[in-house]
Amino acid sequence: MVVFVPLSLLSIGGGASLLADMEHQSVTVHGWTTPREFADLFAISRVAPGPGTMLAALIGWKVAGWAGAVVATVALYLPSSLVVYGAARLWGRCRGSVWHAAVERGLAPVAAGLLLSGGIAVLRISPGGPTVWAAAIIATVLLLRWPRLHPLALFATCGALFGLAGLW
């Protein structure tokens, strides 16, 4: 709970912005998982139905079984949900003010940086090596060039890259 409540309150930009800190806390600080286990839990959280931040539940489960999963989940979702509820009520009342627009513009680069650091943290511990980095760079370039590109096109492109790398 001591780890996931502060992460909950720092989740500017969504759950993906927490990946770097989750990895740091669970691998380096507390030793709850190895880098490989973290990568495996991350992969499971992405293919399972529900939000990707269910990674916290998987880490909690690894540490303390079902009780750990429940504590980690509540610690990650409840504090930020209460803050968002209160902020949304205030935000709606202040729409159109000068500071409203300034805060929105100011938080955009913070969210982008947190998302980038989360992606880099996952890439660093991935067992895929340079191929994973190449796939991430290609996907980034494609999305920057064509922002409305369908995700299946990205999956096909990166899948082809992994297929070619496997042939070598």
# chains A, B, ... in the order shown; residues from 1 in each chain; ligands from 1
>>> select_by_dssp(residues="stretch 84-151 of chain A", states="alpha helix (DSSP H)", output="PyMOL selection string")
chain A and resi 84-94+98-125+130-145+151
>>> residues_around(residues="A:Leu78", least_positions_apart="2", cutoff="12 Å", atoms="only C-alpha atoms", output="list in words")
Met1, Phe4, Val5, Pro6, Leu7, Ser8, Leu9, Val70, Val71, Ala72, Thr73, Val74, Ala75, Leu76, Ser80, Ser81, Leu82, Val83, Val84 and Tyr85 of chain A
>>> residues_around(residues="A:Gly166", least_positions_apart="5", cutoff="10 Å", atoms="only C-alpha atoms", output="list of chain:residue names")
A:Thr131, A:Ala160, A:Leu161
>>> residues_around(residues="A:Ser126", least_positions_apart="4", cutoff="10 Å", atoms="only C-alpha atoms", output="list in words")
Pro35, Arg36, Phe38, Ala39, Asp40, Phe42, Ala43, Ile120, Ala121, Val122, Pro130, Val132 and Trp133 of chain A
>>> closest_residue(among="A:Leu144, A:Ala136, A:Gly65, A:Trp99", to="A:Cys158", atoms="only C-alpha atoms")
A:Ala136
>>> residues_around(residues="stretch 16-30 of chain A", least_positions_apart="6", cutoff="6 Å", atoms="only C-alpha atoms", output="PyMOL selection string")
chain A and resi 114-115+117-118+121
>>> write_last_selection(atoms="C-alpha atoms", output="PDB file, in the first residue's frame")
ATOM      1  CA  LEU A 114       5.889  10.036 -17.931  1.00  0.00           C
ATOM      2  CA  LEU A 115       4.556   7.881 -20.774  1.00  0.00           C
ATOM      3  CA  SER A 117       9.790   6.935 -19.285  1.00  0.00           C
ATOM      4  CA  GLY A 118       7.350   4.056 -18.757  1.00  0.00           C
ATOM      5  CA  ALA A 121      11.551   1.133 -18.562  1.00  0.00           C
TER       6      ALA A 121
END
